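One file, entry.cif, carrying mmCIF, C-alpha atoms:
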```cif
data_coords
loop_
_atom_site.label_atom_id
_atom_site.label_comp_id
_atom_site.auth_asym_id
_atom_site.auth_seq_id
_atom_site.Cartn_x
_atom_site.Cartn_y
_atom_site.Cartn_z
CA MET A 139 58.34 -53.94 25.56
CA ASN A 140 58.82 -51.13 28.03
CA ARG A 141 55.23 -50.44 28.90
CA PRO A 142 53.39 -53.14 30.87
CA ILE A 143 51.32 -55.42 28.66
CA THR A 144 47.63 -55.03 29.31
CA LEU A 145 44.66 -56.55 27.56
CA MET A 146 43.36 -53.09 26.67
CA GLY A 147 46.69 -52.04 25.25
CA ARG A 148 46.93 -55.23 23.24
CA LEU A 149 43.33 -54.79 22.04
CA GLN A 150 44.04 -51.27 20.86
CA ALA A 151 47.07 -52.49 18.97
CA ALA A 152 45.24 -55.49 17.52
CA VAL A 153 42.11 -53.71 16.40
CA TRP A 154 43.63 -50.53 15.02
CA THR A 155 47.32 -49.67 15.05
CA ASP A 156 48.68 -53.17 14.46
CA ASN A 157 45.72 -55.12 13.07
CA PRO A 158 47.03 -58.43 11.65
CA GLY A 159 44.91 -58.15 8.52
CA LEU A 160 44.47 -54.45 8.00
CA VAL A 161 47.98 -53.23 8.83
CA GLN A 162 50.29 -56.22 8.79
CA LEU A 163 48.36 -57.71 5.83
CA LEU A 164 48.86 -61.22 7.19
CA GLY A 165 46.53 -64.15 6.66
CA LEU A 166 45.09 -62.69 3.49
CA CYS A 167 44.28 -66.07 1.93
CA PRO A 168 41.45 -66.96 4.34
CA LEU A 169 40.61 -63.30 4.78
CA LEU A 170 39.84 -62.81 1.12
CA ALA A 171 38.45 -66.23 0.37
CA VAL A 172 35.78 -66.74 3.01
CA THR A 173 34.42 -63.26 3.60
CA THR A 174 31.57 -63.58 1.14
CA THR A 175 29.04 -63.36 3.95
CA PHE A 176 28.99 -62.10 7.51
CA VAL A 177 28.37 -65.51 9.04
CA ASN A 178 31.33 -67.02 7.17
CA GLY A 179 33.56 -64.21 8.39
CA LEU A 180 32.31 -64.59 11.95
CA GLY A 181 32.75 -68.37 11.86
CA LEU A 182 36.30 -68.28 10.59
CA GLY A 183 36.99 -65.33 12.88
CA ILE A 184 35.96 -67.33 15.94
CA ALA A 185 37.97 -70.35 14.78
CA THR A 186 41.07 -68.22 14.18
CA LEU A 187 40.61 -66.43 17.49
CA ALA A 188 40.42 -69.75 19.33
CA VAL A 189 43.48 -71.16 17.55
CA MET A 190 45.50 -67.97 18.08
CA THR A 191 44.68 -67.77 21.79
CA LEU A 192 45.40 -71.44 22.46
CA SER A 193 48.57 -71.47 20.36
CA ASN A 194 49.85 -68.37 22.15
CA LEU A 195 49.14 -70.10 25.47
CA LEU A 196 50.86 -73.33 24.47
CA VAL A 197 53.84 -71.59 22.91
CA SER A 198 54.23 -69.37 25.94
CA ALA A 199 53.92 -72.34 28.30
CA THR A 200 56.62 -74.24 26.43
CA ARG A 201 58.88 -71.25 25.75
CA ARG A 202 61.57 -72.47 28.16
CA TRP A 203 62.16 -75.41 25.88
CA ILE A 204 61.89 -73.56 22.60
CA ARG A 205 65.25 -73.42 20.83
CA ASP A 206 66.01 -71.47 17.72
CA GLU A 207 66.74 -74.48 15.55
CA ILE A 208 63.53 -76.34 16.38
CA ARG A 209 61.15 -73.47 17.01
CA ILE A 210 59.40 -73.62 13.63
CA PRO A 211 58.60 -77.37 13.90
CA MET A 212 57.34 -76.72 17.42
CA TYR A 213 55.03 -73.93 16.27
CA VAL A 214 53.79 -76.05 13.40
CA LEU A 215 53.10 -79.01 15.70
CA ILE A 216 51.21 -76.89 18.18
CA ILE A 217 49.21 -74.93 15.63
CA ALA A 218 48.40 -77.92 13.43
CA SER A 219 47.10 -79.96 16.37
CA LEU A 220 45.00 -77.08 17.61
CA VAL A 221 43.52 -76.50 14.16
CA THR A 222 42.66 -80.19 13.86
CA CYS A 223 40.87 -80.02 17.20
CA ILE A 224 38.98 -76.88 16.17
CA GLU A 225 38.01 -78.48 12.88
CA LEU A 226 36.59 -81.54 14.67
CA ILE A 227 34.71 -79.30 17.08
CA PHE A 228 33.21 -77.31 14.21
CA GLN A 229 32.17 -80.47 12.40
CA ALA A 230 30.52 -81.72 15.56
CA TRP A 231 28.71 -78.59 16.68
CA PHE A 232 28.44 -76.32 13.62
CA PRO A 233 28.17 -78.77 10.70
CA ALA A 234 26.54 -76.31 8.29
CA LEU A 235 29.20 -73.70 8.93
CA ALA A 236 31.96 -76.32 8.64
CA ARG A 237 30.61 -77.28 5.20
CA SER A 238 30.35 -73.65 4.19
CA LEU A 239 33.92 -72.83 5.27
CA GLY A 240 35.18 -76.11 3.87
CA ILE A 241 38.92 -76.28 3.35
CA PHE A 242 39.50 -72.93 5.02
CA ILE A 243 39.21 -74.34 8.54
CA PRO A 244 42.14 -76.75 8.07
CA LEU A 245 43.93 -73.96 6.18
CA ILE A 246 44.04 -71.90 9.38
CA VAL A 247 47.29 -73.81 9.89
CA THR A 248 48.82 -71.74 7.13
CA ASN A 249 47.60 -68.42 8.52
CA CYS A 250 50.90 -66.66 9.03
CA ALA A 251 49.28 -64.23 11.46
CA ILE A 252 49.22 -67.08 13.99
CA VAL A 253 52.85 -68.11 13.52
CA ALA A 254 53.74 -64.42 13.67
CA ARG A 255 52.14 -64.07 17.11
CA ALA A 256 53.94 -67.21 18.30
CA GLU A 257 57.29 -65.99 17.03
CA ILE A 258 57.05 -62.30 17.87
CA PHE A 259 55.15 -62.42 21.10
CA ALA A 260 54.26 -65.68 22.80
CA SER A 261 57.75 -67.18 22.67
CA ARG A 262 59.13 -64.19 24.63
CA ASN A 263 56.37 -63.28 27.04
CA PRO A 264 54.76 -64.88 30.09
CA LEU A 265 51.48 -66.76 30.01
CA ALA A 266 49.08 -63.96 30.96
CA ALA A 267 50.52 -61.48 28.48
CA SER A 268 50.48 -64.09 25.73
CA LEU A 269 46.87 -64.94 26.54
CA ALA A 270 45.96 -61.25 26.30
CA ASP A 271 47.87 -60.91 23.05
CA GLY A 272 46.27 -63.99 21.50
CA LEU A 273 42.78 -62.87 22.48
CA ALA A 274 43.37 -59.34 21.24
CA MET A 275 45.05 -60.22 17.96
CA GLY A 276 42.47 -62.93 17.29
CA ALA A 277 39.71 -60.44 18.01
CA GLY A 278 41.28 -57.87 15.71
CA PHE A 279 41.49 -60.41 12.91
CA ALA A 280 37.94 -61.68 13.58
CA LEU A 281 36.56 -58.14 13.59
CA LEU A 282 38.11 -57.46 10.22
CA LEU A 283 36.71 -60.75 8.87
CA CYS A 284 33.24 -59.81 10.14
CA ALA A 285 33.42 -56.28 8.77
CA LEU A 286 34.64 -57.45 5.39
CA GLY A 287 32.02 -60.22 5.32
CA ALA A 288 29.21 -57.84 6.24
CA PHE A 289 30.36 -55.30 3.65
CA ARG A 290 30.61 -57.83 0.83
CA GLU A 291 27.34 -59.52 1.78
CA LEU A 292 25.57 -56.17 1.77
CA ILE A 293 26.91 -55.18 -1.64
CA GLY A 294 26.90 -58.63 -3.21
CA HIS A 295 23.71 -60.20 -1.85
CA GLY A 296 21.87 -57.11 -0.62
CA SER A 297 21.33 -58.74 2.76
CA ILE A 298 22.79 -58.45 6.24
CA MET A 299 23.58 -61.34 8.56
CA ALA A 300 21.78 -64.03 6.57
CA ARG A 301 22.09 -67.67 7.67
CA LEU A 302 23.19 -66.91 11.23
CA ASP A 303 21.54 -70.24 12.06
CA MET A 304 24.65 -71.96 10.71
CA LEU A 305 26.45 -70.73 13.81
CA PHE A 306 23.72 -70.53 16.41
CA GLY A 307 21.37 -73.31 15.34
CA GLY A 308 17.64 -73.10 14.78
CA ASP A 309 15.72 -72.56 11.57
CA PRO A 310 17.36 -70.97 8.52
CA VAL A 311 17.51 -67.21 8.96
CA GLY A 312 17.00 -65.06 5.90
CA GLY A 313 18.65 -62.10 7.51
CA LEU A 314 17.71 -58.53 6.78
CA VAL A 315 17.20 -58.31 3.03
CA LEU A 316 17.56 -54.74 1.86
CA VAL A 317 17.82 -55.23 -1.87
CA ASP A 318 16.89 -58.29 -3.89
CA GLY A 319 19.97 -59.54 -5.67
CA GLY A 320 23.02 -57.36 -5.48
CA PHE A 321 26.23 -56.41 -7.15
CA LEU A 322 27.77 -59.80 -7.93
CA LEU A 323 31.34 -58.51 -8.22
CA ALA A 324 31.52 -57.94 -4.47
CA ILE A 325 31.30 -61.66 -3.67
CA LEU A 326 33.68 -62.71 -6.45
CA PRO A 327 37.44 -62.83 -5.78
CA PRO A 328 38.16 -59.40 -7.33
CA GLY A 329 35.53 -57.96 -5.01
CA ALA A 330 37.51 -59.32 -2.07
CA PHE A 331 40.63 -57.43 -3.10
CA ILE A 332 38.69 -54.25 -3.88
CA SER A 333 36.85 -54.40 -0.55
CA LEU A 334 40.03 -54.96 1.46
CA ALA A 335 41.72 -52.14 -0.45
CA LEU A 336 38.82 -49.84 0.42
CA PHE A 337 39.12 -50.83 4.08
CA VAL A 338 42.89 -50.24 4.17
CA ALA A 339 42.50 -46.93 2.33
CA GLY A 340 39.73 -45.87 4.71
CA LYS A 341 41.87 -46.68 7.75
CA ASN A 342 44.85 -44.81 6.33
CA ALA A 343 42.67 -41.82 5.51
CA LEU A 344 41.34 -41.72 9.08
CA ASP A 345 44.87 -42.02 10.52
CA HIS A 346 46.08 -39.30 8.19
CA ARG A 347 43.29 -36.97 9.18
CA ARG A 348 44.01 -37.60 12.86
CA ASP A 349 47.70 -36.88 12.29
CA GLN A 350 46.86 -33.62 10.56
CA ALA A 351 44.50 -32.61 13.36
CA GLY A 352 47.18 -33.46 15.93
CA LYS A 353 49.79 -31.43 14.10
CA ALA A 354 47.43 -28.48 13.73
CA ALA A 355 46.63 -28.64 17.44
CA SER A 356 50.28 -28.69 18.49
CA ALA A 357 51.08 -25.91 16.00
CA ARG A 358 48.37 -23.77 17.58
CA ARG A 359 49.74 -24.45 21.01
CA PHE A 360 53.20 -23.20 20.06
CA SER A 361 52.12 -20.17 18.05
CA MET B 910 67.40 -65.03 21.38
CA THR B 911 64.58 -66.88 23.06
CA GLU B 912 64.01 -66.14 26.66
CA GLY B 913 65.05 -68.82 29.11
CA SER B 914 67.05 -70.91 26.67
CA ASN B 915 70.29 -72.22 28.04
CA SER B 916 72.22 -71.61 24.84
CA ALA B 917 74.67 -69.39 26.75
CA SER B 918 76.52 -72.51 27.90
CA GLY B 919 77.20 -73.63 24.36
CA ARG B 920 74.95 -75.41 21.89
CA PRO B 921 72.81 -78.05 23.61
CA PRO B 922 73.11 -81.58 22.25
CA ILE B 923 70.92 -82.34 19.28
CA TRP B 924 69.30 -85.34 20.94
CA SER B 925 67.73 -83.09 23.54
CA SER B 926 66.09 -81.06 20.78
CA GLY B 927 64.78 -84.30 19.37
CA LEU B 928 63.49 -85.26 22.78
CA ILE B 929 61.69 -81.95 23.17
CA LEU B 930 60.05 -82.37 19.77
CA ALA B 931 59.07 -85.95 20.57
CA VAL B 932 57.47 -85.00 23.87
CA LEU B 933 55.63 -82.11 22.26
CA ALA B 934 54.44 -84.37 19.44
CA ALA B 935 53.13 -86.88 21.98
CA VAL B 936 51.27 -84.15 23.89
CA CYS B 937 49.77 -82.73 20.69
CA THR B 938 48.76 -86.18 19.45
CA ALA B 939 47.05 -86.87 22.75
CA LEU B 940 45.19 -83.57 22.46
CA VAL B 941 43.92 -84.42 18.98
CA ALA B 942 43.05 -87.98 20.01
CA ILE B 943 40.97 -86.81 22.97
CA THR B 944 39.13 -84.28 20.82
CA GLN B 945 38.53 -86.85 18.11
CA ARG B 946 37.14 -89.34 20.60
CA ASN B 947 34.75 -86.80 22.04
CA THR B 948 33.47 -85.46 18.73
CA ALA B 949 33.29 -88.62 16.62
CA PRO B 950 29.71 -89.66 17.56
CA ARG B 951 28.35 -86.18 16.89
CA ILE B 952 30.18 -85.90 13.57
CA ALA B 953 28.84 -89.28 12.44
CA ALA B 954 25.30 -88.23 13.41
CA ASN B 955 25.69 -84.95 11.53
CA GLU B 956 26.88 -86.71 8.40
CA GLN B 957 23.94 -89.09 8.58
CA ALA B 958 21.48 -86.22 8.97
CA TYR B 959 23.05 -84.33 6.08
CA LEU B 960 22.92 -87.37 3.83
CA GLU B 961 19.25 -87.97 4.59
CA GLN B 962 18.51 -84.31 4.08
CA SER B 963 20.21 -84.24 0.70
CA LEU B 964 18.51 -87.46 -0.38
CA GLN B 965 15.13 -86.23 0.82
CA PRO B 966 13.84 -84.93 -2.56
CA VAL B 967 14.00 -88.37 -4.11
CA LEU B 968 12.80 -90.16 -0.96
CA ALA B 969 9.55 -88.21 -0.77
CA GLY B 970 6.52 -90.37 -0.12
CA LEU B 971 8.50 -93.51 0.61
CA SER B 972 8.41 -95.22 3.93
CA TYR B 973 11.76 -96.63 4.86
CA ASP B 974 13.78 -97.65 7.84
CA GLY B 975 17.36 -98.21 8.73
CA LYS B 976 20.31 -96.01 8.21
CA LEU B 977 20.80 -94.98 4.64
CA SER B 978 24.55 -94.57 4.90
CA GLU B 979 24.91 -98.14 6.09
CA SER B 980 23.14 -99.56 3.06
CA THR B 981 25.37 -97.97 0.46
CA LEU B 982 26.80 -99.92 -2.39
CA THR B 983 29.67 -98.70 -4.51
CA ILE B 984 30.03 -99.96 -8.04
CA PRO B 985 33.54 -99.47 -9.35
CA PRO B 986 34.14 -98.81 -13.04
CA PRO B 987 33.76 -100.27 -15.58
CA HIS B 988 29.99 -100.45 -15.38
CA ASP B 989 27.06 -99.70 -17.66
CA LEU B 990 25.94 -96.69 -15.67
CA PRO B 991 26.52 -93.13 -16.91
CA GLY B 992 29.94 -91.71 -16.24
CA ASN B 993 33.22 -93.53 -15.80
CA GLU B 994 33.70 -93.09 -12.07
CA ALA B 995 32.62 -95.32 -9.23
CA VAL B 996 28.87 -95.00 -8.67
CA THR B 997 27.34 -94.85 -5.22
CA ILE B 998 23.98 -96.47 -4.68
CA TYR B 999 21.97 -95.83 -1.52
CA ARG B 1000 19.60 -98.72 -1.04
CA VAL B 1001 16.39 -98.07 0.81
CA PHE B 1002 14.71 -100.87 2.72
CA ALA B 1003 11.55 -101.15 4.80
CA ASP B 1004 11.01 -104.27 6.88
CA ASN B 1005 13.80 -106.00 4.97
CA LYS B 1006 11.99 -105.39 1.69
CA ALA B 1007 13.61 -103.38 -1.04
CA VAL B 1008 11.89 -100.04 -1.46
CA ALA B 1009 14.12 -98.02 -3.74
CA ALA B 1010 17.66 -97.49 -4.92
CA LEU B 1011 19.15 -94.03 -5.13
CA PHE B 1012 21.89 -93.66 -7.74
CA VAL B 1013 24.48 -90.90 -7.80
CA VAL B 1014 25.65 -90.87 -11.41
CA THR B 1015 27.53 -88.45 -13.63
CA ALA B 1016 26.32 -87.39 -17.05
CA ARG B 1017 29.49 -86.85 -19.05
CA ASP B 1018 28.05 -85.09 -22.09
CA GLY B 1019 26.71 -81.86 -20.62
CA PHE B 1020 27.29 -78.53 -22.30
CA SER B 1021 30.14 -77.55 -19.97
CA GLY B 1022 31.50 -80.34 -17.88
CA PRO B 1023 29.97 -83.24 -16.03
CA ILE B 1024 26.51 -83.10 -14.46
CA LYS B 1025 26.13 -85.02 -11.22
CA LEU B 1026 22.66 -86.46 -10.79
CA LEU B 1027 20.80 -88.12 -7.95
CA ILE B 1028 18.27 -90.55 -9.40
CA GLY B 1029 15.80 -92.41 -7.21
CA ILE B 1030 14.30 -95.59 -8.63
CA ALA B 1031 11.61 -97.46 -6.72
CA ALA B 1032 11.77 -101.24 -6.53
CA ASP B 1033 9.08 -101.50 -9.22
CA GLY B 1034 11.30 -99.61 -11.67
CA SER B 1035 9.55 -96.25 -11.58
CA ILE B 1036 11.45 -93.08 -10.83
CA THR B 1037 10.77 -91.47 -7.47
CA GLY B 1038 12.59 -88.30 -8.35
CA VAL B 1039 15.69 -86.81 -9.93
CA ARG B 1040 17.85 -84.00 -8.62
CA VAL B 1041 20.93 -82.28 -9.99
CA LEU B 1042 23.70 -82.32 -7.39
CA GLU B 1043 26.46 -80.53 -9.28
CA HIS B 1044 26.80 -78.92 -12.67
CA ARG B 1045 28.48 -76.07 -14.51
CA GLU B 1046 25.85 -75.40 -17.15
CA THR B 1047 25.14 -71.92 -18.46
CA PRO B 1048 23.37 -69.70 -15.94
CA GLY B 1049 19.90 -68.79 -17.17
CA LEU B 1050 19.78 -71.55 -19.80
CA GLY B 1051 21.19 -74.92 -18.83
CA ASP B 1052 20.92 -74.31 -15.12
CA LEU B 1053 17.13 -74.58 -15.38
CA ILE B 1054 17.73 -78.29 -14.72
CA GLU B 1055 18.10 -77.30 -11.06
CA ALA B 1056 14.94 -77.90 -9.07
CA SER B 1057 15.29 -74.49 -7.45
CA ARG B 1058 15.25 -72.71 -10.81
CA SER B 1059 12.51 -74.49 -12.73
CA ASP B 1060 10.34 -77.57 -12.39
CA TRP B 1061 11.81 -79.15 -15.51
CA ILE B 1062 13.48 -81.91 -13.49
CA ASN B 1063 10.14 -82.89 -11.94
CA GLN B 1064 8.78 -84.30 -15.21
CA PHE B 1065 10.74 -87.51 -14.60
CA ALA B 1066 8.89 -88.51 -11.45
CA ARG B 1067 6.80 -91.66 -11.97
CA THR B 1068 8.26 -92.37 -15.38
CA SER B 1069 9.96 -95.73 -15.98
CA ILE B 1070 11.88 -97.46 -18.72
CA ASN B 1071 8.64 -98.64 -20.38
CA PHE B 1072 6.65 -95.49 -19.70
CA PRO B 1073 7.21 -93.66 -21.99
CA ALA B 1074 8.33 -96.28 -24.50
CA ARG B 1075 12.05 -96.89 -24.83
CA ASP B 1076 12.47 -95.15 -28.18
CA GLN B 1077 10.70 -92.09 -26.80
CA TRP B 1078 13.19 -91.68 -23.96
CA THR B 1079 14.71 -88.49 -25.27
CA ILE B 1080 13.84 -84.84 -25.69
CA LYS B 1081 11.10 -83.70 -28.07
CA ARG B 1082 13.54 -82.28 -30.58
CA ASP B 1083 14.97 -85.78 -31.02
CA GLY B 1084 11.54 -87.35 -31.36
CA GLY B 1085 11.00 -88.13 -27.69
CA VAL B 1086 8.50 -86.98 -25.12
CA PHE B 1087 10.53 -84.88 -22.71
CA ASP B 1088 10.53 -81.10 -22.78
CA GLN B 1089 13.73 -79.40 -23.69
CA LEU B 1090 14.73 -76.05 -22.28
CA THR B 1091 14.44 -72.90 -24.34
CA GLY B 1092 17.85 -72.16 -25.81
CA ALA B 1093 19.43 -75.27 -24.36
CA SER B 1094 19.07 -78.77 -25.73
CA ILE B 1095 22.48 -80.28 -25.02
CA THR B 1096 22.01 -80.13 -21.26
CA PRO B 1097 18.52 -81.73 -21.18
CA ARG B 1098 19.61 -84.34 -23.71
CA ALA B 1099 22.53 -85.33 -21.49
CA VAL B 1100 20.32 -85.53 -18.40
CA VAL B 1101 17.64 -87.61 -20.14
CA LYS B 1102 20.26 -89.95 -21.55
CA ALA B 1103 21.85 -90.45 -18.13
CA ILE B 1104 18.47 -91.22 -16.57
CA LYS B 1105 17.64 -93.69 -19.34
CA GLU B 1106 20.99 -95.45 -18.91
CA THR B 1107 20.45 -95.70 -15.17
CA LEU B 1108 16.97 -97.16 -15.71
CA LEU B 1109 18.36 -99.71 -18.16
CA TYR B 1110 21.05 -100.67 -15.65
CA PHE B 1111 18.48 -101.05 -12.91
CA GLU B 1112 16.28 -103.20 -15.14
CA ALA B 1113 19.17 -105.54 -15.89
CA ASN B 1114 20.73 -105.59 -12.43
CA SER B 1115 18.00 -104.93 -9.88
CA GLU B 1116 18.70 -108.23 -8.13
CA GLN B 1117 22.36 -107.43 -7.64
CA VAL B 1118 21.54 -103.89 -6.57
CA PHE B 1119 19.36 -105.10 -3.72
CA ALA B 1120 21.40 -108.20 -2.97
CA VAL B 1121 23.75 -108.70 -0.01
CA ALA B 1122 21.72 -107.46 2.96
CA GLU B 1123 19.89 -110.82 3.21
CA VAL B 1124 17.04 -109.22 1.38
CA GLU B 1125 15.34 -110.83 -1.53
CA ALA B 1126 15.05 -108.36 -4.31
CA SER B 1127 11.51 -107.83 -5.44
CA GLY B 1128 11.98 -106.83 -9.01
CA PRO B 1129 8.82 -107.28 -11.04
CA GLU B 1130 10.38 -105.93 -14.20
CA GLN B 1131 9.12 -108.14 -16.96
#
```
Taking this structure as input, can you express it in the form of structure tokens?
Amino acid sequence: MNRPITLMGRLQAAVWTDNPGLVQLLGLCPLLAVTTTFVNGLGLGIATLAVMTLSNLLVSATRRWIRDEIRIPMYVLIIASLVTCIELIFQAWFPALARSLGIFIPLIVTNCAIVARAEIFASRNPLAASLADGLAMGAGFALLLCALGAFRELIGHGSIMARLDMLFGGDPVGGLVLVDGGFLLAILPPGAFISLALFVAGKNALDHRRDQAGKAASARRFS
Amino acid sequence: MTEGSNSASGRPPIWSSGLILAVLAAVCTALVAITQRNTAPRIAANEQAYLEQSLQPVLAGLSYDGKLSESTLTIPPPHDLPGNEAVTIYRVFADNKAVAALFVVTARDGFSGPIKLLIGIAADGSITGVRVLEHRETPGLGDLIEASRSDWINQFARTSINFPARDQWTIKRDGGVFDQLTGASITPRAVVKAIKETLLYFEANSEQVFAVAEVEASGPEQ
């Protein structure tokens, strides 16, 4: 890490160049399983963001005592306790969403994107940088969850942002219904893989085009 | 490898690693305990609200008091109710008088897998309502037993074990009085049979069902 670690720099890495889901392809189990609707994606995104930030903080705070031979049990202890707390908080304040996400809240424990941040970043960096990294990486993962959820909900149900009340309370929200019904495949498991593949392909295509444009520009400069 | 570790001066003793883990475990346990203590009342209230909400279709029109979840009764197998799992009964009381019993039973002979039913029976033996909680019946055919897909399930309201007569408690194809569903007769037959068995159980055991909570069962069946 030669350059200073800033929140903006971390955000840029997390959202685009080093996105945990889109580029590192970590945490695919929850990513693929819950993103049938936008609100599910957002809910799990927020939960993962909270766990990732807090676990980065705790791992960074305890990094003086982390030793190679016990680091994995330490990460597991920290992450598992945090996930349990988050699960209780969801059950208390967002019961409908907790029911809808079901087993995938406790399964955040197994999201390797979180252990990866603890191992790669938080155990070697000071508190502030780890906080920034946790927030950024969590946000990158949450954004992908939301985007994938919105995409699959649009194709599969023909609606956008239905049932936001599960997160924010109030009466059931129908969301913006564009088409009645929808293309069922999108909300089935194969649809999850196809959608993620489309997202990854789209990102690579954009990167490729930018590379080409960059090369063309530098070629012009030297000709 | 890790920053700040003192491994340069040789491997630290193993007991100190154990100590670190123990301290961390204590801190994490405390964290979870504090969270649990602060969320428990809300979680209990949410569960209660959810239970009442899901029981609402078969509670319609009844006046009741008390907390439904606190008046549950679990009947372990073997029993004469449909299914071979433990059956949960939510007993509904008003002013210490039995109002209704809500049975969660499983019909085992559906077309594809078990059908979980919620059956409400008033203290006088008439059905307050039936709802399908879980099933895997064929979409478009058997799934018409769901209240959200057709009103087939509503035909059971206000029936009882003697109305229609006992031998008529089956679907029309089998000589009974209940409608079948177009293209599906196994599913409705299973549901009707499960309801009939539950009614028979209630007729024979209504006193036990409402017993315990120092309430005298008012069962005017025969």
So which residues touch B:Thr1107 within 12 Å, counting all atoms listed in the file, skipping near sequence neighbours fewer than 4 positions away, as a PyMOL selection string? chain B and resi 988-992+996+998+1010-1016+1026-1030+1034-1036+1039+1069-1070+1100-1103+1111-1115+1118
Evaluating the PyMOL selection byres ((chain A and resi 234) around 10) on the displayed file yields which residues, as JSON, numbers by chain? {"A": [228, 229, 230, 231, 232, 233, 235, 236, 237, 238, 239, 240, 301, 303, 304, 305, 307], "B": [955, 959]}
Result set, the PyMOL selection byres ((chain A) within 10 of (chain B)) on current file, as a ChimeraX atom specification: /A:200-209,211-212,215-234,257,261-264
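The spacing separating atom CA of B:Ala935 from atom CA of A:Phe242 amounts to 25.8 Å.
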Hits from the PyMOL selection byres ((chain A and resi 321) around 9), listed as an mmCIF file with C-alpha atoms, keeping the file's coordinate frame:
```
data_model
loop_
_atom_site.group_PDB
_atom_site.id
_atom_site.type_symbol
_atom_site.label_atom_id
_atom_site.label_comp_id
_atom_site.auth_asym_id
_atom_site.auth_seq_id
_atom_site.Cartn_x
_atom_site.Cartn_y
_atom_site.Cartn_z
ATOM 1 C CA LEU A 292 25.570 -56.170 1.770
ATOM 2 C CA ILE A 293 26.910 -55.180 -1.640
ATOM 3 C CA GLY A 294 26.900 -58.630 -3.210
ATOM 4 C CA HIS A 295 23.710 -60.200 -1.850
ATOM 5 C CA GLY A 296 21.870 -57.110 -0.620
ATOM 6 C CA GLY A 319 19.970 -59.540 -5.670
ATOM 7 C CA GLY A 320 23.020 -57.360 -5.480
ATOM 8 C CA LEU A 322 27.770 -59.800 -7.930
ATOM 9 C CA LEU A 323 31.340 -58.510 -8.220
ATOM 10 C CA ALA A 324 31.520 -57.940 -4.470
ATOM 11 C CA ILE A 325 31.300 -61.660 -3.670
#
```
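What separates atom CA of A:Ala274 from atom CA of A:Ala152 is a distance of 5.7 Å.
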